[in-house]
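Enquirer: This is the structure I want to talk about, given as structure tokens.
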Amino acid sequence: MEWTSAQLRSLVELTRRGTVTAVAQALGYTPGGVSQQIAALEKSTGMELLRRVGRRVELTDAGMTLARHAERILATEAEAVEALERTRTEVSGTLRVGLFTTAAAEILPPALRRARELHPGLTVRSRDMDVDDVYDAVAGGAVDLALGLDYPDVPIPRDSALCVLRLSRERFSLAVPAGAMTGRRTVSLAEAGELGWILPPADSYYGRAVLTACRRAGFEPRVLHEVTDTAATLALVETGVGVSVVTDLMLRLRASRIDVIGLRETMERHIVVVFRSSARHRPTVAALVEVLRAAVGARPGETEDQLPLG
């Protein structure tokens, strides 16, 4: 029997996510691509691994058996990659990195410059993705590690097989149209309760974190514009159509004529790097994590190792 890592990973992810569509999203394939991977496995094994139940699919007994062994095969493969990297005298190899838009614009460029200086043999291939998807992308093997965000008010559920390192904290401030709150150095969220708001979708972790903070302050924000893109949000605030919350990193994405006012409430987000726990000791992963830590300005001893529960 012959199979590829991609085929085995698709099968394993089906046991975790339950649908071909969810597997495709996690691995960065099309649903048709996932189906082709499973079909190739079935051809190789000569056994039916999936059965259709109405509009859903489920693994057969043979599929479940192979999936259990596939997890061990993939883990052994990861150990082999780490062992091979350790035989080299320098840090070299290729890492696939997932990251959200702000990180792609503000963190990745200086990190890549530093990585080239310190580790010329290290190749980084990046992939821009929705920030809420980076955990699944790492867990599913679509990328080797990723930059993501976490919110203390609405922590993102994580796979027990993932290692999450906090690189830095960012505190939110209130972005308002220029002159809208002249003379105010700090405000509470409730003082902006009657204003129109520009927020990301409520079903995103960011959106839920802002809503949680507003409700704790005693009001429901009147959302006039639902926007995901940070630069677009800043442009709308500049136009005078509403207010939003911002961090220093977000403000660097677009020069805007707006006023930024401190919040009395502590509302923050954490920039994190995510990788599989099994890859913790890979020289390439360790090297890039250190470069990323320096790129976001984390001070020695500030990085927090978080090993989430399943």
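By order of appearance in the structure tokens: chains A, B, ..., then residues from 1 within every chain, and ligands from 1 in the order shown.
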Assign secondary structure with DSSP using the backbone only, and return the residues of range 163-282 of chain A in strand (DSSP E) as an MDAnalysis selection string.

Expert: chainID A and resid 163:171 173:177 186:187 196:199 222:226 244:246 258:263 268:276

Enquirer: Hey, what's within 12 Å of Arg276 in chain A if we count only C-alpha atoms and toss same-chain stuff fewer than 2 positions away? As a PDB file with N, CA, C and O atoms, in the first residue's frame, please?

Expert:
ATOM      1  N   ALA A  75       2.710  11.478  13.419  1.00  0.00           N
ATOM      2  CA  ALA A  75       3.532  11.864  14.563  1.00  0.00           C
ATOM      3  C   ALA A  75       4.967  11.384  14.376  1.00  0.00           C
ATOM      4  O   ALA A  75       5.932  12.110  14.665  1.00  0.00           O
ATOM      5  N   ALA A  78       6.698  13.591  11.922  1.00  0.00           N
ATOM      6  CA  ALA A  78       7.121  14.853  12.532  1.00  0.00           C
ATOM      7  C   ALA A  78       8.408  14.661  13.337  1.00  0.00           C
ATOM      8  O   ALA A  78       9.305  15.510  13.318  1.00  0.00           O
ATOM      9  N   GLU A  79       8.500  13.533  14.039  1.00  0.00           N
ATOM     10  CA  GLU A  79       9.709  13.238  14.802  1.00  0.00           C
ATOM     11  C   GLU A  79      10.907  13.066  13.870  1.00  0.00           C
ATOM     12  O   GLU A  79      12.019  13.500  14.182  1.00  0.00           O
ATOM     13  N   VAL A 134      -6.504  30.367  12.169  1.00  0.00           N
ATOM     14  CA  VAL A 134      -5.104  29.961  12.254  1.00  0.00           C
ATOM     15  C   VAL A 134      -4.901  28.749  13.149  1.00  0.00           C
ATOM     16  O   VAL A 134      -4.033  27.914  12.886  1.00  0.00           O
ATOM     17  N   TYR A 135      -5.709  28.615  14.205  1.00  0.00           N
ATOM     18  CA  TYR A 135      -5.543  27.471  15.101  1.00  0.00           C
ATOM     19  C   TYR A 135      -5.853  26.165  14.371  1.00  0.00           C
ATOM     20  O   TYR A 135      -5.117  25.178  14.486  1.00  0.00           O
ATOM     21  N   ASP A 136      -6.944  26.161  13.608  1.00  0.00           N
ATOM     22  CA  ASP A 136      -7.308  24.973  12.848  1.00  0.00           C
ATOM     23  C   ASP A 136      -6.266  24.673  11.780  1.00  0.00           C
ATOM     24  O   ASP A 136      -5.973  23.507  11.490  1.00  0.00           O
ATOM     25  N   ALA A 137      -5.707  25.720  11.180  1.00  0.00           N
ATOM     26  CA  ALA A 137      -4.709  25.515  10.127  1.00  0.00           C
ATOM     27  C   ALA A 137      -3.460  24.835  10.675  1.00  0.00           C
ATOM     28  O   ALA A 137      -2.872  23.962  10.026  1.00  0.00           O
ATOM     29  N   VAL A 138      -3.048  25.222  11.876  1.00  0.00           N
ATOM     30  CA  VAL A 138      -1.884  24.576  12.500  1.00  0.00           C
ATOM     31  C   VAL A 138      -2.227  23.154  12.928  1.00  0.00           C
ATOM     32  O   VAL A 138      -1.473  22.211  12.672  1.00  0.00           O
ATOM     33  N   ALA A 139      -3.382  22.985  13.559  1.00  0.00           N
ATOM     34  CA  ALA A 139      -3.780  21.658  14.029  1.00  0.00           C
ATOM     35  C   ALA A 139      -3.915  20.681  12.875  1.00  0.00           C
ATOM     36  O   ALA A 139      -3.571  19.502  12.993  1.00  0.00           O
ATOM     37  N   GLY A 140      -4.411  21.187  11.745  1.00  0.00           N
ATOM     38  CA  GLY A 140      -4.626  20.317  10.598  1.00  0.00           C
ATOM     39  C   GLY A 140      -3.399  20.101   9.743  1.00  0.00           C
ATOM     40  O   GLY A 140      -3.422  19.279   8.820  1.00  0.00           O
ATOM     41  N   GLY A 141      -2.303  20.831  10.019  1.00  0.00           N
ATOM     42  CA  GLY A 141      -1.083  20.645   9.256  1.00  0.00           C
ATOM     43  C   GLY A 141      -1.009  21.472   7.987  1.00  0.00           C
ATOM     44  O   GLY A 141      -0.089  21.294   7.181  1.00  0.00           O
ATOM     45  N   ALA A 142      -1.958  22.402   7.785  1.00  0.00           N
ATOM     46  CA  ALA A 142      -1.902  23.252   6.604  1.00  0.00           C
ATOM     47  C   ALA A 142      -0.706  24.197   6.676  1.00  0.00           C
ATOM     48  O   ALA A 142      -0.143  24.587   5.650  1.00  0.00           O
ATOM     49  N   VAL A 143      -0.327  24.591   7.899  1.00  0.00           N
ATOM     50  CA  VAL A 143       0.864  25.409   8.119  1.00  0.00           C
ATOM     51  C   VAL A 143       1.624  24.834   9.306  1.00  0.00           C
ATOM     52  O   VAL A 143       1.070  24.095  10.121  1.00  0.00           O
ATOM     53  N   ASP A 144       2.913  25.177   9.397  1.00  0.00           N
ATOM     54  CA  ASP A 144       3.737  24.667  10.489  1.00  0.00           C
ATOM     55  C   ASP A 144       3.563  25.488  11.760  1.00  0.00           C
ATOM     56  O   ASP A 144       3.626  24.946  12.872  1.00  0.00           O
ATOM     57  N   LEU A 145       3.368  26.769  11.589  1.00  0.00           N
ATOM     58  CA  LEU A 145       3.084  27.630  12.721  1.00  0.00           C
ATOM     59  C   LEU A 145       2.346  28.860  12.222  1.00  0.00           C
ATOM     60  O   LEU A 145       2.285  29.110  11.012  1.00  0.00           O
ATOM     61  N   ALA A 146       1.762  29.616  13.142  1.00  0.00           N
ATOM     62  CA  ALA A 146       0.955  30.755  12.724  1.00  0.00           C
ATOM     63  C   ALA A 146       0.971  31.835  13.783  1.00  0.00           C
ATOM     64  O   ALA A 146       1.139  31.566  14.974  1.00  0.00           O
ATOM     65  N   ARG A 158      -8.785  25.761  21.855  1.00  0.00           N
ATOM     66  CA  ARG A 158      -7.614  25.251  21.151  1.00  0.00           C
ATOM     67  C   ARG A 158      -7.490  23.744  21.322  1.00  0.00           C
ATOM     68  O   ARG A 158      -7.890  23.191  22.335  1.00  0.00           O
ATOM     69  N   ASP A 159      -6.907  23.143  20.330  1.00  0.00           N
ATOM     70  CA  ASP A 159      -6.639  21.719  20.339  1.00  0.00           C
ATOM     71  C   ASP A 159      -5.565  21.440  21.392  1.00  0.00           C
ATOM     72  O   ASP A 159      -4.593  22.192  21.516  1.00  0.00           O
ATOM     73  N   SER A 160      -5.714  20.351  22.125  1.00  0.00           N
ATOM     74  CA  SER A 160      -4.730  20.018  23.157  1.00  0.00           C
ATOM     75  C   SER A 160      -3.360  19.711  22.562  1.00  0.00           C
ATOM     76  O   SER A 160      -2.361  19.721  23.285  1.00  0.00           O
ATOM     77  N   ALA A 161      -3.310  19.455  21.259  1.00  0.00           N
ATOM     78  CA  ALA A 161      -2.032  19.158  20.620  1.00  0.00           C
ATOM     79  C   ALA A 161      -1.277  20.415  20.221  1.00  0.00           C
ATOM     80  O   ALA A 161      -0.183  20.330  19.669  1.00  0.00           O
ATOM     81  N   LEU A 162      -1.858  21.594  20.488  1.00  0.00           N
ATOM     82  CA  LEU A 162      -1.229  22.845  20.093  1.00  0.00           C
ATOM     83  C   LEU A 162      -0.486  23.494  21.250  1.00  0.00           C
ATOM     84  O   LEU A 162      -0.899  23.414  22.404  1.00  0.00           O
ATOM     85  N   CYS A 163       0.613  24.134  20.914  1.00  0.00           N
ATOM     86  CA  CYS A 163       1.350  24.953  21.863  1.00  0.00           C
ATOM     87  C   CYS A 163       1.127  26.411  21.462  1.00  0.00           C
ATOM     88  O   CYS A 163       1.237  26.754  20.280  1.00  0.00           O
ATOM     89  N   VAL A 164       0.782  27.256  22.408  1.00  0.00           N
ATOM     90  CA  VAL A 164       0.493  28.662  22.146  1.00  0.00           C
ATOM     91  C   VAL A 164       1.412  29.517  23.017  1.00  0.00           C
ATOM     92  O   VAL A 164       1.405  29.389  24.247  1.00  0.00           O
ATOM     93  N   LEU A 165       2.206  30.364  22.392  1.00  0.00           N
ATOM     94  CA  LEU A 165       3.090  31.260  23.125  1.00  0.00           C
ATOM     95  C   LEU A 165       2.604  32.683  22.949  1.00  0.00           C
ATOM     96  O   LEU A 165       2.428  33.147  21.820  1.00  0.00           O
ATOM     97  N   VAL A 273       1.888  33.120  18.956  1.00  0.00           N
ATOM     98  CA  VAL A 273       2.392  32.240  17.910  1.00  0.00           C
ATOM     99  C   VAL A 273       1.955  30.832  18.275  1.00  0.00           C
ATOM    100  O   VAL A 273       2.025  30.426  19.444  1.00  0.00           O
ATOM    101  N   VAL A 274       1.457  30.101  17.288  1.00  0.00           N
ATOM    102  CA  VAL A 274       0.849  28.785  17.507  1.00  0.00           C
ATOM    103  C   VAL A 274       1.600  27.744  16.683  1.00  0.00           C
ATOM    104  O   VAL A 274       1.884  27.966  15.502  1.00  0.00           O
ATOM    105  N   SER A 278       4.251  18.837  19.212  1.00  0.00           N
ATOM    106  CA  SER A 278       5.263  17.883  18.751  1.00  0.00           C
ATOM    107  C   SER A 278       6.409  18.564  18.020  1.00  0.00           C
ATOM    108  O   SER A 278       7.473  17.967  17.841  1.00  0.00           O
ATOM    109  N   ALA A 279       6.202  19.827  17.591  1.00  0.00           N
ATOM    110  CA  ALA A 279       7.242  20.542  16.848  1.00  0.00           C
ATOM    111  C   ALA A 279       8.021  21.508  17.729  1.00  0.00           C
ATOM    112  O   ALA A 279       8.857  22.270  17.245  1.00  0.00           O
ATOM    113  N   ARG A 280       7.734  21.455  19.038  1.00  0.00           N
ATOM    114  CA  ARG A 280       8.336  22.425  19.955  1.00  0.00           C
ATOM    115  C   ARG A 280       9.861  22.479  19.842  1.00  0.00           C
ATOM    116  O   ARG A 280      10.472  23.556  19.950  1.00  0.00           O
ATOM    117  N   HIS A 281      10.500  21.324  19.642  1.00  0.00           N
ATOM    118  CA  HIS A 281      11.958  21.269  19.664  1.00  0.00           C
ATOM    119  C   HIS A 281      12.588  21.243  18.266  1.00  0.00           C
ATOM    120  O   HIS A 281      13.799  21.017  18.150  1.00  0.00           O
ATOM    121  N   ARG A 282      11.776  21.458  17.236  1.00  0.00           N
ATOM    122  CA  ARG A 282      12.358  21.556  15.893  1.00  0.00           C
ATOM    123  C   ARG A 282      13.218  22.805  15.813  1.00  0.00           C
ATOM    124  O   ARG A 282      12.771  23.914  16.138  1.00  0.00           O
ATOM    125  N   VAL A 285      11.548  25.706  13.862  1.00  0.00           N
ATOM    126  CA  VAL A 285      10.413  26.308  14.578  1.00  0.00           C
ATOM    127  C   VAL A 285      10.921  27.177  15.719  1.00  0.00           C
ATOM    128  O   VAL A 285      10.490  28.324  15.894  1.00  0.00           O
ATOM    129  N   ALA A 286      11.847  26.645  16.522  1.00  0.00           N
ATOM    130  CA  ALA A 286      12.384  27.404  17.648  1.00  0.00           C
ATOM    131  C   ALA A 286      13.051  28.693  17.177  1.00  0.00           C
ATOM    132  O   ALA A 286      12.902  29.755  17.804  1.00  0.00           O
ATOM    133  N   LEU A 307      -0.020  26.116  27.554  1.00  0.00           N
ATOM    134  CA  LEU A 307      -0.365  24.800  27.048  1.00  0.00           C
ATOM    135  C   LEU A 307      -1.817  24.561  27.362  1.00  0.00           C
ATOM    136  O   LEU A 307      -2.160  24.150  28.465  1.00  0.00           O
ATOM    137  N   PRO A 308      -2.714  24.871  26.400  1.00  0.00           N
ATOM    138  CA  PRO A 308      -4.147  24.830  26.673  1.00  0.00           C
ATOM    139  C   PRO A 308      -4.660  23.430  26.913  1.00  0.00           C
ATOM    140  O   PRO A 308      -4.129  22.455  26.402  1.00  0.00           O
TER     141      PRO A 308
END

Enquirer: Residues within 8 Å of Pro31 in chain A, please, as JSON, numbers by chain. Count only C-alpha atoms; anything in the same chain fewer than 5 positions from it doesn't count.

Expert: {"A": [20, 21, 23, 24]}

Enquirer: As an exercise, work out the distance from CA of Gly148 in chain A to CA of Met129 in chain A in Å and give it to one decimal place.

Expert: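 Straight-line distance from CA of Gly148 in chain A to CA of Met129 in chain A works out to 9.9 Å.
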
Enquirer: I'd like to know which of A:Arg222, A:His69, A:Arg9, A:Arg264 is closest to Gly196 in chain A, using only C-alpha atoms.

Expert: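 Closest candidate: A:Arg222.
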